[in-house]
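Peer 1: Sharing data.cif, mmCIF, C-alpha atoms:
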data_input
loop_
_atom_site.group_PDB
_atom_site.id
_atom_site.type_symbol
_atom_site.label_atom_id
_atom_site.label_comp_id
_atom_site.auth_asym_id
_atom_site.auth_seq_id
_atom_site.Cartn_x
_atom_site.Cartn_y
_atom_site.Cartn_z
ATOM 1 C CA MET A 28 -21.676 -20.349 -41.048
ATOM 2 C CA ALA A 29 -19.526 -18.026 -38.910
ATOM 3 C CA ALA A 30 -15.761 -18.198 -39.331
ATOM 4 C CA PRO A 31 -14.043 -20.164 -36.546
ATOM 5 C CA ARG A 32 -12.485 -18.099 -33.794
ATOM 6 C CA THR A 33 -8.687 -18.039 -33.841
ATOM 7 C CA TYR A 34 -7.084 -19.216 -30.607
ATOM 8 C CA TRP A 35 -3.448 -18.385 -31.476
ATOM 9 C CA THR A 36 -1.412 -17.186 -34.437
ATOM 10 C CA GLY A 37 2.306 -17.472 -35.037
ATOM 11 C CA HIS A 38 4.907 -19.616 -36.774
ATOM 12 C CA LEU A 39 5.618 -23.322 -36.934
ATOM 13 C CA ARG A 40 9.377 -23.790 -37.107
ATOM 14 C CA LEU A 41 11.231 -26.898 -38.227
ATOM 15 C CA SER A 42 14.958 -26.192 -38.300
ATOM 16 C CA LEU A 43 15.279 -23.214 -40.725
ATOM 17 C CA VAL A 44 11.759 -23.640 -42.137
ATOM 18 C CA SER A 45 9.150 -21.201 -40.741
ATOM 19 C CA ILE A 46 5.454 -21.328 -41.655
ATOM 20 C CA ASP A 47 2.694 -18.891 -40.674
ATOM 21 C CA ILE A 48 -0.077 -20.801 -38.896
ATOM 22 C CA ALA A 49 -3.234 -20.297 -36.865
ATOM 23 C CA LEU A 50 -4.675 -22.506 -34.119
ATOM 24 C CA TYR A 51 -8.391 -23.166 -33.660
ATOM 25 C CA SER A 52 -10.076 -25.021 -30.825
ATOM 26 C CA ALA A 53 -10.988 -28.556 -31.923
ATOM 27 C CA THR A 54 -13.680 -29.063 -29.284
ATOM 28 C CA SER A 55 -16.927 -27.385 -28.313
ATOM 29 C CA ARG A 56 -19.172 -27.389 -25.261
ATOM 30 C CA SER A 57 -22.111 -25.783 -27.076
ATOM 31 C CA GLY A 58 -23.925 -29.120 -27.066
ATOM 32 C CA ARG A 59 -23.930 -29.264 -23.262
ATOM 33 C CA THR A 60 -26.796 -27.864 -21.227
ATOM 34 C CA SER A 61 -25.509 -25.610 -18.449
ATOM 35 C CA LEU A 62 -27.491 -25.355 -15.223
ATOM 36 C CA ARG A 63 -27.229 -22.459 -12.773
ATOM 37 C CA GLN A 64 -27.992 -22.316 -9.084
ATOM 38 C CA ILE A 65 -31.228 -20.395 -8.424
ATOM 39 C CA HIS A 66 -32.806 -19.054 -5.225
ATOM 40 C CA LYS A 67 -36.013 -21.112 -5.215
ATOM 41 C CA LYS A 68 -38.322 -18.566 -3.555
ATOM 42 C CA SER A 69 -37.361 -15.546 -5.675
ATOM 43 C CA GLY A 70 -36.159 -17.263 -8.857
ATOM 44 C CA GLN A 71 -33.033 -15.119 -8.834
ATOM 45 C CA PRO A 72 -29.613 -16.579 -9.784
ATOM 46 C CA ILE A 73 -27.116 -17.182 -6.996
ATOM 47 C CA ARG A 74 -24.003 -15.017 -7.123
ATOM 48 C CA TYR A 75 -20.795 -15.582 -5.214
ATOM 49 C CA GLN A 76 -19.007 -13.041 -3.075
ATOM 50 C CA LYS A 77 -15.341 -13.386 -2.139
ATOM 51 C CA THR A 78 -14.826 -13.545 1.612
ATOM 52 C CA ALA A 79 -11.961 -14.140 4.054
ATOM 53 C CA ASP A 80 -12.332 -16.242 7.200
ATOM 54 C CA GLY A 81 -12.942 -14.002 10.182
ATOM 55 C CA ILE A 82 -13.032 -10.899 7.945
ATOM 56 C CA GLY A 83 -16.095 -11.293 5.732
ATOM 57 C CA PRO A 84 -16.500 -9.806 2.229
ATOM 58 C CA VAL A 85 -13.326 -8.289 0.696
ATOM 59 C CA ASP A 86 -12.712 -5.980 -2.281
ATOM 60 C CA ALA A 87 -10.934 -7.220 -5.407
ATOM 61 C CA ASP A 88 -7.975 -4.850 -4.879
ATOM 62 C CA GLU A 89 -7.314 -6.478 -1.505
ATOM 63 C CA ILE A 90 -6.785 -9.915 -3.029
ATOM 64 C CA VAL A 91 -3.343 -11.331 -3.925
ATOM 65 C CA LYS A 92 -2.144 -14.816 -4.842
ATOM 66 C CA GLY A 93 -0.308 -17.171 -2.531
ATOM 67 C CA PHE A 94 0.975 -20.723 -2.096
ATOM 68 C CA GLU A 95 0.182 -22.861 0.956
ATOM 69 C CA ALA A 96 3.700 -23.866 2.035
ATOM 70 C CA GLN A 97 2.436 -25.430 5.262
ATOM 71 C CA LYS A 98 -1.016 -26.125 6.638
ATOM 72 C CA GLY A 99 -2.596 -22.708 7.145
ATOM 73 C CA SER A 100 0.636 -20.868 6.273
ATOM 74 C CA PHE A 101 0.891 -19.106 2.907
ATOM 75 C CA VAL A 102 3.706 -17.558 0.878
ATOM 76 C CA ILE A 103 2.236 -14.334 -0.522
ATOM 77 C CA LEU A 104 3.155 -13.369 -4.095
ATOM 78 C CA GLU A 105 2.625 -9.809 -5.263
ATOM 79 C CA PRO A 106 1.265 -9.225 -8.819
ATOM 80 C CA GLU A 107 4.503 -7.529 -9.952
ATOM 81 C CA GLU A 108 6.571 -10.493 -8.667
ATOM 82 C CA ILE A 109 4.520 -12.930 -10.741
ATOM 83 C CA GLU A 110 4.710 -10.626 -13.751
ATOM 84 C CA GLU A 111 8.522 -10.555 -13.584
ATOM 85 C CA ILE A 112 8.830 -14.317 -14.093
ATOM 86 C CA ARG A 113 5.930 -14.642 -16.549
ATOM 87 C CA LEU A 114 7.091 -15.867 -19.953
ATOM 88 C CA GLU A 115 6.457 -13.518 -22.825
ATOM 89 C CA SER A 116 3.955 -14.794 -25.340
ATOM 90 C CA GLN A 117 6.114 -16.055 -28.178
ATOM 91 C CA ASP A 118 4.907 -16.297 -31.737
ATOM 92 C CA ALA A 119 6.663 -19.535 -32.630
ATOM 93 C CA ILE A 120 6.259 -23.255 -32.065
ATOM 94 C CA ARG A 121 9.643 -24.904 -32.481
ATOM 95 C CA ILE A 122 9.597 -28.598 -33.386
ATOM 96 C CA VAL A 123 12.424 -30.331 -31.528
ATOM 97 C CA GLN A 124 11.754 -34.071 -31.935
ATOM 98 C CA PHE A 125 9.688 -36.716 -33.744
ATOM 99 C CA VAL A 126 8.198 -39.905 -32.268
ATOM 100 C CA ASP A 127 5.910 -42.710 -33.396
ATOM 101 C CA HIS A 128 2.210 -42.101 -32.656
ATOM 102 C CA HIS A 129 1.977 -45.000 -30.206
ATOM 103 C CA GLU A 130 4.926 -43.782 -28.121
ATOM 104 C CA ILE A 131 2.851 -41.071 -26.431
ATOM 105 C CA ASP A 132 0.901 -42.480 -23.494
ATOM 106 C CA PRO A 133 -2.795 -41.423 -23.825
ATOM 107 C CA ARG A 134 -2.694 -40.096 -20.247
ATOM 108 C CA PHE A 135 -0.461 -37.234 -21.378
ATOM 109 C CA TYR A 136 -2.926 -35.799 -23.926
ATOM 110 C CA ASP A 137 -4.746 -32.658 -22.775
ATOM 111 C CA LYS A 138 -6.478 -30.318 -25.277
ATOM 112 C CA PRO A 139 -6.703 -30.591 -29.088
ATOM 113 C CA TYR A 140 -6.431 -27.730 -31.586
ATOM 114 C CA TYR A 141 -6.643 -27.607 -35.371
ATOM 115 C CA VAL A 142 -3.665 -26.076 -37.162
ATOM 116 C CA ALA A 143 -4.069 -24.336 -40.528
ATOM 117 C CA PRO A 144 -1.745 -22.204 -42.689
ATOM 118 C CA ARG A 145 -2.214 -18.420 -42.693
ATOM 119 C CA GLY A 146 -2.361 -17.226 -46.257
ATOM 120 C CA LYS A 147 -1.542 -18.859 -49.582
ATOM 121 C CA ALA A 148 2.185 -18.226 -49.204
ATOM 122 C CA ALA A 149 2.276 -20.550 -46.185
ATOM 123 C CA SER A 150 0.222 -23.342 -47.774
ATOM 124 C CA GLU A 151 3.017 -25.050 -49.701
ATOM 125 C CA GLY A 152 5.366 -25.435 -46.751
ATOM 126 C CA PHE A 153 2.438 -26.434 -44.536
ATOM 127 C CA VAL A 154 1.369 -29.232 -46.907
ATOM 128 C CA VAL A 155 4.959 -30.474 -47.246
ATOM 129 C CA ILE A 156 5.237 -30.900 -43.456
ATOM 130 C CA ARG A 157 1.763 -32.450 -43.236
ATOM 131 C CA GLU A 158 2.513 -35.034 -45.913
ATOM 132 C CA ALA A 159 5.962 -35.789 -44.490
ATOM 133 C CA LEU A 160 4.425 -36.482 -41.061
ATOM 134 C CA ARG A 161 1.714 -38.627 -42.619
ATOM 135 C CA SER A 162 4.149 -40.613 -44.746
ATOM 136 C CA ALA A 163 6.529 -41.229 -41.854
ATOM 137 C CA LYS A 164 3.625 -41.894 -39.446
ATOM 138 C CA LYS A 165 5.310 -39.629 -36.941
ATOM 139 C CA THR A 166 4.216 -37.092 -34.342
ATOM 140 C CA ALA A 167 6.208 -33.884 -33.867
ATOM 141 C CA LEU A 168 7.033 -32.695 -30.341
ATOM 142 C CA GLY A 169 7.733 -29.110 -29.345
ATOM 143 C CA GLN A 170 6.785 -26.316 -26.945
ATOM 144 C CA MET A 171 4.682 -23.184 -27.241
ATOM 145 C CA THR A 172 4.065 -20.249 -24.902
ATOM 146 C CA THR A 173 0.538 -18.907 -24.436
ATOM 147 C CA ARG A 174 -0.926 -16.764 -21.681
ATOM 148 C CA GLY A 175 2.371 -16.642 -19.831
ATOM 149 C CA ARG A 176 2.888 -20.397 -19.591
ATOM 150 C CA GLU A 177 4.950 -22.867 -21.578
ATOM 151 C CA HIS A 178 3.145 -25.924 -22.942
ATOM 152 C CA LEU A 179 4.491 -29.205 -24.246
ATOM 153 C CA ILE A 180 2.754 -29.967 -27.561
ATOM 154 C CA ALA A 181 2.386 -32.785 -30.096
ATOM 155 C CA ILE A 182 1.521 -32.257 -33.776
ATOM 156 C CA ARG A 183 0.319 -34.868 -36.247
ATOM 157 C CA SER A 184 -1.443 -34.931 -39.629
ATOM 158 C CA CYS A 185 -5.235 -34.599 -39.541
ATOM 159 C CA GLY A 186 -7.223 -34.649 -42.781
ATOM 160 C CA ASP A 187 -6.148 -31.666 -44.872
ATOM 161 C CA GLY A 188 -4.511 -29.982 -41.880
ATOM 162 C CA LEU A 189 -2.632 -30.698 -38.689
ATOM 163 C CA LEU A 190 -3.780 -31.503 -35.183
ATOM 164 C CA LEU A 191 -1.925 -29.939 -32.264
ATOM 165 C CA GLU A 192 -2.505 -31.386 -28.804
ATOM 166 C CA THR A 193 -1.171 -29.870 -25.609
ATOM 167 C CA LEU A 194 0.441 -32.513 -23.421
ATOM 168 C CA ARG A 195 0.738 -32.835 -19.661
ATOM 169 C CA TYR A 196 4.251 -32.751 -18.215
ATOM 170 C CA ALA A 197 5.611 -35.883 -16.516
ATOM 171 C CA ASP A 198 4.953 -34.598 -12.988
ATOM 172 C CA GLU A 199 1.294 -33.940 -13.853
ATOM 173 C CA VAL A 200 0.475 -37.624 -14.473
ATOM 174 C CA LYS A 201 -0.044 -39.825 -11.429
ATOM 175 C CA ASN A 202 1.717 -43.174 -11.216
ATOM 176 C CA SER A 203 -0.748 -46.058 -11.563
ATOM 177 C CA ASN A 204 1.165 -48.483 -9.314
ATOM 178 C CA SER A 205 -0.615 -47.367 -6.155
ATOM 179 C CA VAL A 206 -3.996 -47.883 -7.830
ATOM 180 C CA PHE A 207 -3.243 -51.303 -9.336
ATOM 181 C CA ALA A 208 -1.095 -52.663 -6.484
ATOM 182 C CA ASP A 209 -3.840 -54.855 -4.984
ATOM 183 C CA ILE A 210 -4.795 -56.548 -8.247
ATOM 184 C CA GLY A 211 -1.854 -58.948 -8.119
ATOM 185 C CA ASN A 212 -1.193 -61.844 -10.446
ATOM 186 C CA VAL A 213 -4.263 -63.935 -11.189
ATOM 187 C CA ASP A 214 -4.121 -67.265 -13.014
ATOM 188 C CA VAL A 215 -6.511 -66.944 -15.951
ATOM 189 C CA ASP A 216 -8.411 -69.929 -17.296
ATOM 190 C CA ASP A 217 -7.450 -70.446 -20.973
ATOM 191 C CA GLU A 218 -11.025 -71.167 -22.039
ATOM 192 C CA MET A 219 -12.343 -68.022 -20.345
ATOM 193 C CA LEU A 220 -9.604 -65.971 -21.980
ATOM 194 C CA GLU A 221 -10.485 -67.441 -25.380
ATOM 195 C CA LEU A 222 -14.170 -66.647 -24.837
ATOM 196 C CA ALA A 223 -13.344 -63.055 -23.828
ATOM 197 C CA GLU A 224 -11.136 -62.642 -26.917
ATOM 198 C CA ASP A 225 -13.924 -64.086 -29.082
ATOM 199 C CA LEU A 226 -16.420 -61.628 -27.580
ATOM 200 C CA ILE A 227 -14.057 -58.693 -28.201
ATOM 201 C CA ALA A 228 -13.497 -59.795 -31.814
ATOM 202 C CA LYS A 229 -17.237 -60.046 -32.479
ATOM 203 C CA LYS A 230 -17.959 -56.620 -31.003
ATOM 204 C CA THR A 231 -15.068 -54.910 -32.795
ATOM 205 C CA ALA A 232 -16.129 -52.235 -35.313
ATOM 206 C CA PRO A 233 -14.749 -48.975 -36.763
ATOM 207 C CA PHE A 234 -14.957 -46.020 -34.361
ATOM 208 C CA ASP A 235 -18.019 -43.887 -35.125
ATOM 209 C CA PRO A 236 -18.625 -41.235 -32.424
ATOM 210 C CA GLY A 237 -21.933 -40.339 -34.103
ATOM 211 C CA ALA A 238 -23.276 -43.759 -33.172
ATOM 212 C CA PHE A 239 -23.231 -42.840 -29.476
ATOM 213 C CA ARG A 240 -25.833 -40.645 -27.796
ATOM 214 C CA ASP A 241 -25.728 -38.792 -24.492
ATOM 215 C CA SER A 242 -29.046 -40.034 -23.098
ATOM 216 C CA TYR A 243 -28.775 -37.875 -19.968
ATOM 217 C CA GLU A 244 -28.278 -34.699 -22.024
ATOM 218 C CA ALA A 245 -31.286 -35.580 -24.210
ATOM 219 C CA ALA A 246 -33.457 -36.290 -21.170
ATOM 220 C CA LEU A 247 -32.326 -33.065 -19.464
ATOM 221 C CA ARG A 248 -33.212 -30.950 -22.505
ATOM 222 C CA GLU A 249 -36.587 -32.664 -22.846
ATOM 223 C CA LEU A 250 -37.291 -32.026 -19.156
ATOM 224 C CA ILE A 251 -36.372 -28.320 -19.521
ATOM 225 C CA GLU A 252 -38.530 -27.918 -22.639
ATOM 226 C CA GLU A 253 -41.538 -29.527 -20.971
ATOM 227 C CA LYS A 254 -41.137 -27.412 -17.824
ATOM 228 C CA ALA A 255 -40.721 -24.255 -19.927
ATOM 229 C CA LYS A 256 -44.080 -25.000 -21.575
ATOM 230 C CA GLY A 257 -45.679 -25.082 -18.154
ATOM 231 C CA LYS A 258 -46.317 -28.805 -18.127
ATOM 232 C CA ALA A 259 -46.234 -30.636 -14.821
ATOM 233 C CA ILE A 260 -43.502 -33.231 -14.622
ATOM 234 C CA VAL A 261 -44.684 -36.228 -12.649
ATOM 235 C CA SER A 262 -41.577 -38.374 -12.921
ATOM 236 C CA ALA A 263 -38.387 -38.514 -14.925
ATOM 237 C CA LYS A 264 -38.253 -40.983 -17.795
ATOM 238 C CA GLY A 265 -35.829 -43.848 -17.876
ATOM 239 C CA GLY A 266 -37.232 -46.208 -15.261
ATOM 240 C CA LYS A 267 -35.715 -47.264 -11.983
ATOM 241 C CA LYS A 268 -32.030 -47.132 -11.323
ATOM 242 C CA ALA A 269 -30.434 -50.389 -12.360
ATOM 243 C CA LYS A 270 -29.039 -52.497 -9.557
ATOM 244 C CA SER A 271 -25.411 -53.472 -9.814
ATOM 245 C CA ALA A 272 -25.229 -57.004 -11.130
ATOM 246 C CA GLN A 273 -22.945 -59.506 -9.475
ATOM 247 C CA VAL A 274 -21.481 -62.076 -11.843
ATOM 248 C CA ILE A 275 -21.530 -65.381 -9.996
ATOM 249 C CA ASP A 276 -20.289 -67.653 -12.780
ATOM 250 C CA LEU A 277 -17.857 -65.816 -15.054
ATOM 251 C CA MET A 278 -17.464 -68.772 -17.435
ATOM 252 C CA GLU A 279 -21.224 -69.088 -17.903
ATOM 253 C CA ALA A 280 -21.601 -65.331 -18.368
ATOM 254 C CA LEU A 281 -18.908 -65.313 -21.070
ATOM 255 C CA LYS A 282 -20.473 -68.258 -22.879
ATOM 256 C CA LYS A 283 -23.898 -66.609 -22.864
ATOM 257 C CA SER A 284 -22.428 -63.302 -24.030
ATOM 258 C CA VAL A 285 -20.647 -64.926 -26.987
ATOM 259 C CA LYS A 286 -23.777 -66.935 -27.835
ATOM 260 C CA GLU A 287 -25.993 -63.826 -27.811
ATOM 261 C CA GLU A 288 -23.484 -61.866 -29.885
ATOM 262 C CA ARG A 289 -23.361 -64.629 -32.495
ATOM 263 C CA ALA A 290 -27.145 -64.719 -32.587
ATOM 264 C CA GLY A 291 -27.308 -60.949 -32.944
ATOM 265 C CA ARG A 292 -24.903 -60.997 -35.901
ATOM 266 C CA SER A 293 -26.905 -63.714 -37.669
ATOM 267 C CA GLY A 294 -30.225 -61.986 -37.008
ATOM 268 C CA LYS A 295 -31.610 -64.916 -35.043
ATOM 269 C CA SER A 296 -32.117 -65.402 -31.358
ATOM 270 C CA PRO A 297 -30.510 -68.445 -29.689
ATOM 271 C CA ALA A 298 -33.950 -69.970 -29.190
ATOM 272 C CA ARG A 299 -34.890 -69.565 -32.859
ATOM 273 C CA LYS A 300 -31.585 -71.068 -33.953
ATOM 274 C CA LYS A 301 -32.190 -74.033 -31.692
ATOM 275 C CA THR A 302 -35.715 -74.511 -33.073
ATOM 276 C CA ALA A 303 -34.455 -74.185 -36.622
ATOM 277 C CA GLY A 304 -31.887 -76.873 -35.915
ATOM 278 C CA LYS A 305 -34.543 -79.269 -34.594
ATOM 279 C CA THR A 306 -36.719 -78.668 -37.671
ATOM 280 C CA ALA A 307 -33.812 -79.385 -39.986
ATOM 281 C CA THR A 308 -33.024 -82.590 -38.086
ATOM 282 C CA LYS A 309 -36.664 -83.684 -38.238
ATOM 283 C CA SER A 310 -36.854 -83.023 -41.986
ATOM 284 C CA LYS A 311 -33.630 -84.968 -42.549
ATOM 285 C CA SER A 312 -34.998 -87.955 -40.600
ATOM 286 C CA SER A 313 -38.271 -87.894 -42.585
ATOM 287 C CA SER A 314 -36.379 -87.824 -45.886
ATOM 288 C CA SER A 315 -34.269 -90.751 -44.749
ATOM 289 C CA ARG A 316 -37.362 -92.816 -43.829
ATOM 290 C CA ASN A 317 -38.987 -92.002 -47.177
ATOM 291 C CA ARG A 318 -35.888 -93.142 -49.080
ATOM 292 C CA LYS A 319 -35.883 -96.423 -47.138
ATOM 293 C CA ALA A 320 -39.571 -96.924 -47.798
ATOM 294 C CA GLY A 321 -38.987 -96.331 -51.543
#
Kindly return the structure encoded in the file as structure tokens.

Peer 2:
Amino acid sequence: MAAPRTYWTGHLRLSLVSIDIALYSATSRSGRTSLRQIHKKSGQPIRYQKTADGIGPVDADEIVKGFEAQKGSFVILEPEEIEEIRLESQDAIRIVQFVDHHEIDPRFYDKPYYVAPRGKAASEGFVVIREALRSAKKTALGQMTTRGREHLIAIRSCGDGLLLETLRYADEVKNSNSVFADIGNVDVDDEMLELAEDLIAKKTAPFDPGAFRDSYEAALRELIEEKAKGKAIVSAKGGKKAKSAQVIDLMEALKKSVKEERAGRSGKSPARKKTAGKTATKSKSSSSRNRKAG
């Protein structure tokens, strides 16, 4: 197995403590099938050419960056002007604060990276910080500079190492009030709420990402493999598109859902349970009549 590619190397600093570390990407897109746009008649891939309205194709050395200050009006920024304000890539992540895990709103999380010590000399200090974070159940907050930009980061214990996650800044997260404004206050029926809670409790299980399968990705790969073999594809598998169901009676739907979930956990269908109940009742009645006859 090839060694993981290092994303960043530097130091993790906590007060006067400095530890050599390396960051590795914690995610991969290798499992995704990438499709390209192809010219159907020739089979050649489509390529994109940079153009300007009213000008046509332009060369790369004629292109600069700009900000649209007003509709159709741009503030032009020269490369040297951007370079002057670009932050130098620093080789240190300075921890400035600690918070409880739950204090960070999930909307602020961006990209995850694994953190590991660089060399045996850094291992002891690394493990001390890892275990201290784990024991205190805290997340460390700090900032790091990569590729000319400063990122807010969070670090927590993760197995034998640490997990660093870049965070979005406050002005990058949209306020939800405008989205939820029309929901309003709705009086909830206590019985329906109890049924919903019961359903949630029965379907609660430990998180296992391996238990979930991307059915579209699997179907796409199968389609590509079959086409590559020269087989004619008559129709895609998976049946007709499901129609959106409209729940007319929420109470009845909740009751049926809880009933089916209970049946699924016991290994019996509702109908079988009902039949089994009748049989038991019938047997009990027969036994009672026999005792009386005796």

Peer 1: Counting all atoms listed in the file, which residue out of A:Arg63, A:His38, A:Arg195, A:Lys254 sits closest to Ile122 (chain A)?

Peer 2: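 Counting all atoms listed in the file, the residue closest to Ile122 (chain A) is A:His38.
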
Peer 1: What separation in Å, quoted to one decimal, exists between CA of Ile180 (chain A) and CA of Trp35 (chain A)?

Peer 2: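 The value is 13.7 Å.
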
Peer 1: Quick one: residues within 12 Å of region 241-245 of chain A, all atoms listed in the file counted, chain neighbours fewer than 2 positions away excluded, as an MDAnalysis selection string?

Peer 2: chainID A and resid 57:62 236:239 247:252 263:265

Peer 1: Go ahead and save the picked residues with C-alpha atoms, as an mmCIF file, in the frame of the given file.

Peer 2:
data_model
loop_
_atom_site.group_PDB
_atom_site.id
_atom_site.type_symbol
_atom_site.label_atom_id
_atom_site.label_comp_id
_atom_site.auth_asym_id
_atom_site.auth_seq_id
_atom_site.Cartn_x
_atom_site.Cartn_y
_atom_site.Cartn_z
ATOM 1 C CA SER A 57 -22.111 -25.783 -27.076
ATOM 2 C CA GLY A 58 -23.925 -29.120 -27.066
ATOM 3 C CA ARG A 59 -23.930 -29.264 -23.262
ATOM 4 C CA THR A 60 -26.796 -27.864 -21.227
ATOM 5 C CA SER A 61 -25.509 -25.610 -18.449
ATOM 6 C CA LEU A 62 -27.491 -25.355 -15.223
ATOM 7 C CA PRO A 236 -18.625 -41.235 -32.424
ATOM 8 C CA GLY A 237 -21.933 -40.339 -34.103
ATOM 9 C CA ALA A 238 -23.276 -43.759 -33.172
ATOM 10 C CA PHE A 239 -23.231 -42.840 -29.476
ATOM 11 C CA LEU A 247 -32.326 -33.065 -19.464
ATOM 12 C CA ARG A 248 -33.212 -30.950 -22.505
ATOM 13 C CA GLU A 249 -36.587 -32.664 -22.846
ATOM 14 C CA LEU A 250 -37.291 -32.026 -19.156
ATOM 15 C CA ILE A 251 -36.372 -28.320 -19.521
ATOM 16 C CA GLU A 252 -38.530 -27.918 -22.639
ATOM 17 C CA ALA A 263 -38.387 -38.514 -14.925
ATOM 18 C CA LYS A 264 -38.253 -40.983 -17.795
ATOM 19 C CA GLY A 265 -35.829 -43.848 -17.876
#

Peer 1: Report, in Å with one decimal, the straight-line distance from CA of Arg157 (chain A) to CA of Leu189 (chain A).

Peer 2: 6.6 Å

Peer 1: To test your reading of the syntax: which residues would the PyMOL selection byres ((chain A and resi 49) around 12) return for the file shown? Reply as an MDAnalysis selection string.

Peer 2: chainID A and resid 31:39 46:48 50:52 118:120 140:146 149:150 153 188:191

Peer 1: One decimal, Å: what's the distance from CA of Arg113 (chain A) over to CA of Arg176 (chain A), could you say?

Peer 2: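 Between CA of Arg113 (chain A) and CA of Arg176 (chain A) the gap works out to 7.2 Å.
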
Peer 1: Please expand the PyMOL selection byres ((chain A and resi 285) around 12) into the concrete residues it hits in this file, giving the result as a PDB file with C-alpha atoms, in the frame of the given file.

Peer 2:
ATOM      1  CA  MET A 219     -12.343 -68.022 -20.345  1.00  0.00           C
ATOM      2  CA  GLU A 221     -10.485 -67.441 -25.380  1.00  0.00           C
ATOM      3  CA  LEU A 222     -14.170 -66.647 -24.837  1.00  0.00           C
ATOM      4  CA  ALA A 223     -13.344 -63.055 -23.828  1.00  0.00           C
ATOM      5  CA  GLU A 224     -11.136 -62.642 -26.917  1.00  0.00           C
ATOM      6  CA  ASP A 225     -13.924 -64.086 -29.082  1.00  0.00           C
ATOM      7  CA  LEU A 226     -16.420 -61.628 -27.580  1.00  0.00           C
ATOM      8  CA  ILE A 227     -14.057 -58.693 -28.201  1.00  0.00           C
ATOM      9  CA  ALA A 228     -13.497 -59.795 -31.814  1.00  0.00           C
ATOM     10  CA  LYS A 229     -17.237 -60.046 -32.479  1.00  0.00           C
ATOM     11  CA  LYS A 230     -17.959 -56.620 -31.003  1.00  0.00           C
ATOM     12  CA  MET A 278     -17.464 -68.772 -17.435  1.00  0.00           C
ATOM     13  CA  GLU A 279     -21.224 -69.088 -17.903  1.00  0.00           C
ATOM     14  CA  ALA A 280     -21.601 -65.331 -18.368  1.00  0.00           C
ATOM     15  CA  LEU A 281     -18.908 -65.313 -21.070  1.00  0.00           C
ATOM     16  CA  LYS A 282     -20.473 -68.258 -22.879  1.00  0.00           C
ATOM     17  CA  LYS A 283     -23.898 -66.609 -22.864  1.00  0.00           C
ATOM     18  CA  SER A 284     -22.428 -63.302 -24.030  1.00  0.00           C
ATOM     19  CA  LYS A 286     -23.777 -66.935 -27.835  1.00  0.00           C
ATOM     20  CA  GLU A 287     -25.993 -63.826 -27.811  1.00  0.00           C
ATOM     21  CA  GLU A 288     -23.484 -61.866 -29.885  1.00  0.00           C
ATOM     22  CA  ARG A 289     -23.361 -64.629 -32.495  1.00  0.00           C
ATOM     23  CA  ALA A 290     -27.145 -64.719 -32.587  1.00  0.00           C
ATOM     24  CA  GLY A 291     -27.308 -60.949 -32.944  1.00  0.00           C
ATOM     25  CA  ARG A 292     -24.903 -60.997 -35.901  1.00  0.00           C
ATOM     26  CA  PRO A 297     -30.510 -68.445 -29.689  1.00  0.00           C
TER      27      PRO A 297
END

Peer 1: What would the selection look like, as a PDB file with C-alpha atoms, in the coordinates of the input, if the PyMOL selection byres ((chain A and resi 173) around 9) were run on the coordinates I just shared?

Peer 2:
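out-v3.pdb, freshly written:
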ATOM      1  CA  TRP A  35      -3.448 -18.385 -31.476  1.00  0.00           C
ATOM      2  CA  LEU A 114       7.091 -15.867 -19.953  1.00  0.00           C
ATOM      3  CA  GLU A 115       6.457 -13.518 -22.825  1.00  0.00           C
ATOM      4  CA  SER A 116       3.955 -14.794 -25.340  1.00  0.00           C
ATOM      5  CA  GLN A 117       6.114 -16.055 -28.178  1.00  0.00           C
ATOM      6  CA  ASP A 118       4.907 -16.297 -31.737  1.00  0.00           C
ATOM      7  CA  MET A 171       4.682 -23.184 -27.241  1.00  0.00           C
ATOM      8  CA  THR A 172       4.065 -20.249 -24.902  1.00  0.00           C
ATOM      9  CA  ARG A 174      -0.926 -16.764 -21.681  1.00  0.00           C
ATOM     10  CA  GLY A 175       2.371 -16.642 -19.831  1.00  0.00           C
ATOM     11  CA  ARG A 176       2.888 -20.397 -19.591  1.00  0.00           C
ATOM     12  CA  GLU A 177       4.950 -22.867 -21.578  1.00  0.00           C
ATOM     13  CA  HIS A 178       3.145 -25.924 -22.942  1.00  0.00           C
TER      14      HIS A 178
END

Peer 1: When you look at Ile109 (chain A) with a cut-off of 12 Å (counting only C-alpha atoms), what residues show up, excluding the ones that are within fewer than 2 positions of it in the same chain? I need them as JSON, numbers by chain.

Peer 2: {"A": [91, 92, 93, 103, 104, 105, 106, 107, 111, 112, 113, 114, 175, 176]}

Peer 1: Would you please work out which residue, of A:Ile182, A:Ala167, A:Val126, A:Ile82, is nearest to Pro139 (chain A) when using all atoms listed in the file?

Peer 2: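 Closest to Pro139 (chain A) of all the choices is A:Ile182.
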
Peer 1: Could you check which of A:Val154, A:Val123, A:Ala246, A:Val200 is closest to Thr166 (chain A), using only C-alpha atoms?

Peer 2: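 Of A:Val154, A:Val123, A:Ala246, A:Val200, the one nearest Thr166 (chain A) is A:Val123, counting only C-alpha atoms.
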